[in-house]
>>> print(open('coords.txt').read())   # compact mmCIF, N, CA and C atoms and all ligand atoms
# COMPACT_ATOMS: atom_id res chain seq x y z
N MET A 137 80.85 47.60 96.18
CA MET A 137 80.85 49.04 96.38
C MET A 137 80.68 49.33 97.87
N PRO A 138 81.47 50.26 98.42
CA PRO A 138 81.37 50.53 99.86
C PRO A 138 80.03 51.14 100.23
N GLN A 139 79.54 50.75 101.42
CA GLN A 139 78.32 51.35 101.94
C GLN A 139 78.68 52.64 102.66
N GLN A 140 77.97 53.69 102.37
CA GLN A 140 78.21 54.93 103.07
C GLN A 140 76.95 55.77 103.10
N HIS A 141 76.87 56.64 104.10
CA HIS A 141 75.77 57.58 104.18
C HIS A 141 76.22 58.87 103.52
N ILE A 142 75.37 59.41 102.71
CA ILE A 142 75.59 60.74 102.18
C ILE A 142 74.60 61.65 102.89
N HIS A 143 75.09 62.53 103.69
CA HIS A 143 74.23 63.47 104.42
C HIS A 143 73.96 64.67 103.55
N CYS A 144 72.73 65.07 103.49
CA CYS A 144 72.34 66.17 102.61
C CYS A 144 71.11 66.86 103.21
N SER A 145 71.12 68.16 103.17
CA SER A 145 70.02 68.94 103.75
C SER A 145 69.07 69.51 102.69
N VAL A 146 69.24 69.12 101.45
CA VAL A 146 68.43 69.68 100.36
C VAL A 146 67.12 68.90 100.26
N ASN A 147 66.16 69.24 101.10
CA ASN A 147 64.98 68.39 101.24
C ASN A 147 63.93 68.56 100.14
N ASN A 148 64.18 69.41 99.18
CA ASN A 148 63.27 69.43 98.02
C ASN A 148 63.82 68.58 96.87
N CYS A 149 64.85 67.79 97.16
CA CYS A 149 65.38 66.85 96.16
C CYS A 149 64.58 65.54 96.21
N HIS A 150 64.31 64.99 95.05
CA HIS A 150 63.60 63.70 94.94
C HIS A 150 64.29 62.60 95.73
N TYR A 151 65.61 62.65 95.88
CA TYR A 151 66.38 61.59 96.52
C TYR A 151 66.60 61.82 98.01
N TRP A 152 66.14 62.94 98.53
CA TRP A 152 66.35 63.24 99.94
C TRP A 152 65.50 62.32 100.83
N GLY A 153 66.06 61.93 101.99
CA GLY A 153 65.33 61.11 102.93
C GLY A 153 65.41 61.67 104.34
N SER A 154 64.51 61.22 105.21
CA SER A 154 64.47 61.73 106.57
C SER A 154 65.80 61.49 107.28
N GLY A 155 66.11 62.38 108.18
CA GLY A 155 67.41 62.35 108.84
C GLY A 155 68.50 62.94 107.98
N ASN A 156 68.09 63.61 106.94
CA ASN A 156 69.04 64.21 105.99
C ASN A 156 69.98 63.17 105.38
N ILE A 157 69.41 62.05 105.00
CA ILE A 157 70.19 61.00 104.34
C ILE A 157 69.77 60.92 102.88
N CYS A 158 70.73 60.99 101.99
CA CYS A 158 70.45 60.85 100.56
C CYS A 158 70.07 59.40 100.25
N GLN A 159 68.99 59.22 99.51
CA GLN A 159 68.51 57.88 99.18
C GLN A 159 68.82 57.49 97.73
N ALA A 160 69.60 58.27 97.03
CA ALA A 160 69.97 57.92 95.66
C ALA A 160 70.92 56.73 95.66
N ASN A 161 70.81 55.87 94.66
CA ASN A 161 71.71 54.71 94.62
C ASN A 161 73.14 55.13 94.29
N GLU A 162 73.31 56.26 93.64
CA GLU A 162 74.61 56.85 93.41
C GLU A 162 74.41 58.31 93.08
N ILE A 163 75.43 59.11 93.32
CA ILE A 163 75.36 60.53 92.98
C ILE A 163 76.64 60.94 92.28
N LEU A 164 76.58 62.10 91.66
CA LEU A 164 77.78 62.69 91.07
C LEU A 164 77.99 64.07 91.69
N VAL A 165 79.12 64.25 92.34
CA VAL A 165 79.54 65.56 92.82
C VAL A 165 80.58 66.07 91.85
N THR A 166 80.39 67.29 91.38
CA THR A 166 81.34 67.84 90.41
C THR A 166 81.45 69.34 90.62
N SER A 167 82.18 69.99 89.72
CA SER A 167 82.33 71.45 89.84
C SER A 167 81.06 72.15 89.38
N ASP A 168 80.84 73.32 89.92
CA ASP A 168 79.70 74.13 89.47
C ASP A 168 79.79 74.39 87.97
N LYS A 169 81.00 74.59 87.48
CA LYS A 169 81.18 74.89 86.06
C LYS A 169 80.66 73.76 85.18
N VAL A 170 81.04 72.54 85.50
CA VAL A 170 80.56 71.39 84.72
C VAL A 170 79.05 71.23 84.89
N ALA A 171 78.57 71.40 86.09
CA ALA A 171 77.13 71.26 86.32
C ALA A 171 76.33 72.25 85.49
N ASN A 172 76.87 73.44 85.34
CA ASN A 172 76.17 74.46 84.57
C ASN A 172 76.22 74.18 83.07
N GLU A 173 77.27 73.51 82.64
CA GLU A 173 77.45 73.24 81.21
C GLU A 173 76.66 72.02 80.72
N LYS A 174 76.50 71.04 81.59
CA LYS A 174 75.91 69.76 81.17
C LYS A 174 74.41 69.72 81.47
N GLY A 175 73.69 68.95 80.69
CA GLY A 175 72.26 68.81 80.88
C GLY A 175 71.91 67.82 81.96
N GLU A 176 70.62 67.59 82.12
CA GLU A 176 70.12 66.70 83.18
C GLU A 176 70.58 65.25 83.00
N SER A 177 70.81 64.82 81.76
CA SER A 177 71.17 63.43 81.54
C SER A 177 72.62 63.14 81.92
N PHE A 178 73.43 64.17 82.10
CA PHE A 178 74.83 63.97 82.50
C PHE A 178 74.86 63.72 83.99
N ASP A 179 75.13 62.47 84.38
CA ASP A 179 75.08 62.14 85.81
C ASP A 179 75.86 60.87 86.08
N ALA A 180 75.78 60.40 87.30
CA ALA A 180 76.62 59.30 87.77
C ALA A 180 76.57 58.05 86.89
N PRO A 181 75.40 57.52 86.54
CA PRO A 181 75.39 56.24 85.83
C PRO A 181 76.11 56.26 84.48
N ARG A 182 75.99 57.34 83.76
CA ARG A 182 76.52 57.37 82.40
C ARG A 182 77.89 58.02 82.29
N ASN A 183 78.26 58.88 83.22
CA ASN A 183 79.41 59.73 82.98
C ASN A 183 80.48 59.75 84.08
N ALA A 184 80.14 59.36 85.30
CA ALA A 184 81.06 59.57 86.42
C ALA A 184 82.40 58.88 86.23
N ALA A 185 82.41 57.68 85.69
CA ALA A 185 83.66 56.91 85.62
C ALA A 185 84.59 57.40 84.53
N THR A 186 84.06 58.08 83.55
CA THR A 186 84.89 58.44 82.39
C THR A 186 85.07 59.94 82.19
N MET A 187 84.36 60.75 82.95
CA MET A 187 84.47 62.20 82.75
C MET A 187 85.84 62.70 83.18
N ALA A 188 86.23 63.87 82.66
CA ALA A 188 87.48 64.49 83.07
C ALA A 188 87.38 64.94 84.52
N THR A 189 88.51 64.95 85.22
CA THR A 189 88.51 65.43 86.59
C THR A 189 88.28 66.95 86.61
N THR A 190 87.76 67.44 87.75
CA THR A 190 87.34 68.85 87.81
C THR A 190 87.83 69.50 89.10
N PRO A 191 89.11 69.81 89.20
CA PRO A 191 89.61 70.41 90.45
C PRO A 191 88.98 71.77 90.71
N VAL A 192 88.78 72.07 92.01
CA VAL A 192 88.23 73.37 92.43
C VAL A 192 89.09 73.88 93.59
N SER A 193 88.83 75.11 94.02
CA SER A 193 89.62 75.70 95.10
C SER A 193 88.90 75.69 96.44
N THR A 194 87.58 75.76 96.42
CA THR A 194 86.83 75.78 97.68
C THR A 194 85.57 74.93 97.54
N CYS A 195 84.96 74.58 98.66
CA CYS A 195 83.73 73.78 98.64
C CYS A 195 82.60 74.54 97.95
N MET A 196 82.70 75.83 97.90
CA MET A 196 81.63 76.61 97.26
C MET A 196 81.60 76.45 95.75
N GLU A 197 82.60 75.80 95.21
CA GLU A 197 82.66 75.59 93.77
C GLU A 197 82.21 74.19 93.38
N THR A 198 81.67 73.43 94.33
CA THR A 198 81.21 72.08 94.02
C THR A 198 79.70 71.97 94.24
N CYS A 199 79.12 70.95 93.67
CA CYS A 199 77.68 70.75 93.83
C CYS A 199 77.32 69.30 93.54
N CYS A 200 76.12 68.95 93.91
CA CYS A 200 75.59 67.62 93.60
C CYS A 200 74.87 67.70 92.26
N LYS A 201 75.41 67.02 91.26
CA LYS A 201 74.81 67.04 89.93
C LYS A 201 73.54 66.20 89.87
N THR A 202 73.35 65.34 90.86
CA THR A 202 72.22 64.41 90.85
C THR A 202 70.93 65.06 91.35
N PHE A 203 71.02 66.21 91.97
CA PHE A 203 69.81 66.88 92.48
C PHE A 203 68.72 66.91 91.42
N THR A 204 67.52 66.51 91.83
CA THR A 204 66.33 66.62 90.99
C THR A 204 65.20 67.14 91.86
N ASP A 205 64.62 68.24 91.49
CA ASP A 205 63.53 68.82 92.27
C ASP A 205 62.37 67.83 92.35
N LYS A 206 61.96 67.48 93.56
CA LYS A 206 60.91 66.47 93.72
C LYS A 206 59.57 66.92 93.17
N ASN A 207 59.42 68.20 92.92
CA ASN A 207 58.16 68.72 92.40
C ASN A 207 58.07 68.70 90.89
N THR A 208 59.17 68.37 90.21
CA THR A 208 59.14 68.38 88.74
C THR A 208 58.59 67.09 88.16
N GLY A 209 58.78 65.98 88.86
CA GLY A 209 58.34 64.69 88.34
C GLY A 209 59.26 64.15 87.25
N ASN A 210 60.36 64.82 86.98
CA ASN A 210 61.30 64.41 85.93
C ASN A 210 62.45 63.64 86.57
N TYR A 211 62.18 62.39 86.97
CA TYR A 211 63.16 61.63 87.74
C TYR A 211 64.02 60.68 86.91
N ASN A 212 63.69 60.47 85.69
CA ASN A 212 64.38 59.43 84.92
C ASN A 212 65.44 59.94 83.96
N ALA A 213 65.63 61.22 83.88
CA ALA A 213 66.56 61.76 82.89
C ALA A 213 68.00 61.34 83.15
N ASP A 214 68.35 61.12 84.42
CA ASP A 214 69.76 60.87 84.73
C ASP A 214 70.09 59.40 84.98
N GLY A 215 69.10 58.51 85.02
CA GLY A 215 69.36 57.09 85.21
C GLY A 215 69.60 56.70 86.66
N VAL A 216 69.51 57.65 87.58
CA VAL A 216 69.66 57.35 89.01
C VAL A 216 68.32 56.88 89.54
N TYR A 217 68.33 55.98 90.51
CA TYR A 217 67.07 55.60 91.14
C TYR A 217 67.16 55.74 92.65
N ARG A 218 65.98 55.87 93.26
CA ARG A 218 65.89 56.01 94.71
C ARG A 218 65.92 54.63 95.34
N ARG A 219 66.77 54.42 96.34
CA ARG A 219 66.91 53.11 97.00
C ARG A 219 65.70 52.79 97.83
S1 LIG I 1 70.89 63.56 95.14
FE1 LIG I 1 72.26 65.18 95.85
S2 LIG I 1 70.93 66.91 96.37
FE2 LIG I 1 69.66 65.06 96.22
S3 LIG I 1 69.51 64.28 98.33
FE3 LIG I 1 71.21 63.24 97.31
S4 LIG I 1 73.05 64.45 97.84
FE4 LIG I 1 71.23 65.72 98.23
>>> encode(input="coords.txt", output="structure tokens")
Amino acid sequence: MPQQHIHCSVNNCHYWGSGNICQANEILVTSDKVANEKGESFDAPRNAATMATTPVSTCMETCCKTFTDKNTGNYNADGVYRR
């Protein structure tokens, strides 16, 4: 798997790291529509490779489905782990 930095400014996410670097081992970026329809367990480990594609028109219609509020303590629902 290619190594890459995911830059993210959402610092109340459990996976956020200093320098605005995402520390999640994998993330799922999808359309806002799908994110709103699916629950917390729908995420990169279980669904990214097989889900239907989700075209959008602008960046404002996309989001990170992996976001988890660091204050909730609910980090295991999606199967993602912090590197
Ligand atoms: S999981 Fe998503 S929202 Fe959270 S730090 Fe990574 S890119 Fe940002």
>>> residues_near_ligand(input="coords.txt", ligand="ligand LIG 1 (chain I)", cutoff="6 Å", atoms="only C-alpha atoms and all ligand atoms", output="list in words")
Cys144, Val146, Cys149, Tyr151, Trp152, Cys158, Ala160, Ile163, Cys200, Thr202 and Phe203 of chain A
>>> closest_residue(input="coords.txt", among="A:Met187, A:Thr198, A:His150, A:Ile157", to="Tyr211 of chain A", atoms="all atoms listed in the file")
A:His150
>>> select_by_dssp(input="coords.txt", residues="chain A", states="helix (DSSP H, G or I)", output="mmCIF file with N, CA and C atoms, in the frame of the given file")
data_model
loop_
_atom_site.group_PDB
_atom_site.id
_atom_site.type_symbol
_atom_site.label_atom_id
_atom_site.label_comp_id
_atom_site.auth_asym_id
_atom_site.auth_seq_id
_atom_site.Cartn_x
_atom_site.Cartn_y
_atom_site.Cartn_z
ATOM 1 N N ASP A 168 80.840 73.320 89.920
ATOM 2 C CA ASP A 168 79.700 74.130 89.470
ATOM 3 C C ASP A 168 79.790 74.390 87.970
ATOM 4 N N LYS A 169 81.000 74.590 87.480
ATOM 5 C CA LYS A 169 81.180 74.890 86.060
ATOM 6 C C LYS A 169 80.660 73.760 85.180
ATOM 7 N N VAL A 170 81.040 72.540 85.500
ATOM 8 C CA VAL A 170 80.560 71.390 84.720
ATOM 9 C C VAL A 170 79.050 71.230 84.890
ATOM 10 N N ALA A 171 78.570 71.400 86.090
ATOM 11 C CA ALA A 171 77.130 71.260 86.320
ATOM 12 C C ALA A 171 76.330 72.250 85.490
ATOM 13 N N ASN A 172 76.870 73.440 85.340
ATOM 14 C CA ASN A 172 76.170 74.460 84.570
ATOM 15 C C ASN A 172 76.220 74.180 83.070
ATOM 16 N N GLU A 173 77.270 73.510 82.640
ATOM 17 C CA GLU A 173 77.450 73.240 81.210
ATOM 18 C C GLU A 173 76.660 72.020 80.720
ATOM 19 N N ALA A 180 75.780 60.400 87.300
ATOM 20 C CA ALA A 180 76.620 59.300 87.770
ATOM 21 C C ALA A 180 76.570 58.050 86.890
ATOM 22 N N PRO A 181 75.400 57.520 86.540
ATOM 23 C CA PRO A 181 75.390 56.240 85.830
ATOM 24 C C PRO A 181 76.110 56.260 84.480
ATOM 25 N N ARG A 182 75.990 57.340 83.760
ATOM 26 C CA ARG A 182 76.520 57.370 82.400
ATOM 27 C C ARG A 182 77.890 58.020 82.290
ATOM 28 N N ASN A 183 78.260 58.880 83.220
ATOM 29 C CA ASN A 183 79.410 59.730 82.980
ATOM 30 C C ASN A 183 80.480 59.750 84.080
ATOM 31 N N CYS A 195 84.960 74.580 98.660
ATOM 32 C CA CYS A 195 83.730 73.780 98.640
ATOM 33 C C CYS A 195 82.600 74.540 97.950
ATOM 34 N N MET A 196 82.700 75.830 97.900
ATOM 35 C CA MET A 196 81.630 76.610 97.260
ATOM 36 C C MET A 196 81.600 76.450 95.750
ATOM 37 N N GLU A 197 82.600 75.800 95.210
ATOM 38 C CA GLU A 197 82.660 75.590 93.770
ATOM 39 C C GLU A 197 82.210 74.190 93.380
#
>>> axis_aligned_box(input="coords.txt", around="segment 179-185 of chain A", padding_each_side="4 Å", output="lines of an AutoDock Vina configuration file")
center_x = 79.8
center_y = 59.4
center_z = 85.0
size_x = 17.5
size_y = 14.2
size_z = 13.5
>>> atom_distance(input="coords.txt", atom1="atom C of Gly155 of chain A", atom2="atom CA of His143 of chain A")
6.8 Å
>>> closest_residue(input="coords.txt", among="A:Ser167, A:Asn210, A:Asn161, A:Thr204", to="Val192 of chain A", atoms="all atoms listed in the file")
A:Ser167
>>> closest_residue(input="coords.txt", among="A:Gly209, A:Pro191, A:Gly215, A:Gly153", to="Glu176 of chain A", atoms="only C-alpha atoms")
A:Gly215
>>> residues_near_point(input="coords.txt", point="(71.0, 66.3, 79.5)", cutoff="12 Å", atoms="only C-alpha atoms", output="list in words")
Ala171, Asn172, Glu173, Lys174, Gly175, Glu176, Ser177, Phe178, Asp179, Arg182, Asn183, Lys201, Thr202, Asn210, Asn212, Ala213, Asp214 and Gly215 of chain A
>>> atom_distance(input="coords.txt", atom1="atom CA of Asn207 of chain A", atom2="atom CA of Ala185 of chain A")
28.9 Å
>>> atom_distance(input="coords.txt", atom1="atom C of Gln139 of chain A", atom2="atom C of Thr166 of chain A")
20.8 Å
>>> closest_residue(input="coords.txt", among="A:Ala180, A:Val170, A:His141, A:Ser154", to="Val216 of chain A", atoms="only C-alpha atoms")
A:Ala180
>>> build_atoms(input="coords.txt", residues="segment 150-161 of chain A", atoms="all heavy atoms", output="short mmCIF file (atom, residue, chain, number, x, y, z; two decimals), in the frame of the given file")
data_model
loop_
_atom_site.label_atom_id
_atom_site.label_comp_id
_atom_site.auth_asym_id
_atom_site.auth_seq_id
_atom_site.Cartn_x
_atom_site.Cartn_y
_atom_site.Cartn_z
N HIS A 150 64.31 64.99 95.05
CA HIS A 150 63.60 63.70 94.94
C HIS A 150 64.29 62.60 95.73
O HIS A 150 63.65 61.69 96.24
CB HIS A 150 63.53 63.31 93.46
CG HIS A 150 63.07 61.92 93.21
ND1 HIS A 150 61.78 61.51 93.49
CD2 HIS A 150 63.72 60.83 92.71
CE1 HIS A 150 61.66 60.23 93.17
NE2 HIS A 150 62.81 59.80 92.69
N TYR A 151 65.61 62.65 95.88
CA TYR A 151 66.38 61.59 96.52
C TYR A 151 66.60 61.82 98.01
O TYR A 151 67.19 60.99 98.68
CB TYR A 151 67.74 61.44 95.81
CG TYR A 151 67.60 61.14 94.35
CD1 TYR A 151 67.88 62.10 93.39
CD2 TYR A 151 67.14 59.90 93.92
CE1 TYR A 151 67.73 61.83 92.04
CE2 TYR A 151 66.98 59.61 92.57
CZ TYR A 151 67.28 60.59 91.64
OH TYR A 151 67.12 60.32 90.31
N TRP A 152 66.14 62.94 98.53
CA TRP A 152 66.35 63.24 99.94
C TRP A 152 65.50 62.32 100.83
O TRP A 152 64.38 61.97 100.46
CB TRP A 152 65.96 64.70 100.21
CG TRP A 152 66.18 65.14 101.62
CD1 TRP A 152 67.32 65.67 102.15
CD2 TRP A 152 65.22 65.10 102.69
NE1 TRP A 152 67.12 65.95 103.49
CE2 TRP A 152 65.85 65.62 103.83
CE3 TRP A 152 63.90 64.67 102.78
CZ2 TRP A 152 65.20 65.72 105.06
CZ3 TRP A 152 63.25 64.77 104.00
CH2 TRP A 152 63.90 65.29 105.13
N GLY A 153 66.06 61.93 101.99
CA GLY A 153 65.33 61.11 102.93
C GLY A 153 65.41 61.67 104.34
O GLY A 153 66.29 62.48 104.65
N SER A 154 64.51 61.22 105.21
CA SER A 154 64.47 61.73 106.57
C SER A 154 65.80 61.49 107.28
O SER A 154 66.51 60.52 106.98
CB SER A 154 63.33 61.08 107.36
OG SER A 154 63.56 59.71 107.47
N GLY A 155 66.11 62.38 108.18
CA GLY A 155 67.41 62.35 108.84
C GLY A 155 68.50 62.94 107.98
O GLY A 155 69.68 62.76 108.26
N ASN A 156 68.09 63.61 106.94
CA ASN A 156 69.04 64.21 105.99
C ASN A 156 69.98 63.17 105.38
O ASN A 156 71.20 63.38 105.29
CB ASN A 156 69.85 65.35 106.65
CG ASN A 156 69.00 66.56 106.89
OD1 ASN A 156 68.04 66.83 106.16
ND2 ASN A 156 69.34 67.33 107.91
N ILE A 157 69.41 62.05 105.00
CA ILE A 157 70.19 61.00 104.34
C ILE A 157 69.77 60.92 102.88
O ILE A 157 68.58 60.77 102.56
CB ILE A 157 69.94 59.62 105.00
CG1 ILE A 157 70.32 59.66 106.48
CG2 ILE A 157 70.71 58.52 104.27
CD1 ILE A 157 71.78 59.83 106.76
N CYS A 158 70.73 60.99 101.99
CA CYS A 158 70.45 60.85 100.56
C CYS A 158 70.07 59.40 100.25
O CYS A 158 70.75 58.47 100.68
CB CYS A 158 71.70 61.25 99.76
SG CYS A 158 71.50 60.98 97.98
N GLN A 159 68.99 59.22 99.51
CA GLN A 159 68.51 57.88 99.18
C GLN A 159 68.82 57.49 97.73
O GLN A 159 68.32 56.47 97.24
CB GLN A 159 66.99 57.82 99.40
CG GLN A 159 66.56 58.09 100.83
CD GLN A 159 67.03 57.01 101.79
OE1 GLN A 159 67.10 55.84 101.44
NE2 GLN A 159 67.36 57.41 102.99
N ALA A 160 69.60 58.27 97.03
CA ALA A 160 69.97 57.92 95.66
C ALA A 160 70.92 56.73 95.66
O ALA A 160 71.75 56.59 96.55
CB ALA A 160 70.64 59.11 94.97
N ASN A 161 70.81 55.87 94.66
CA ASN A 161 71.71 54.71 94.62
C ASN A 161 73.14 55.13 94.29
O ASN A 161 74.09 54.44 94.63
CB ASN A 161 71.22 53.66 93.62
CG ASN A 161 71.31 54.11 92.19
OD1 ASN A 161 70.92 55.24 91.85
ND2 ASN A 161 71.81 53.26 91.32
#
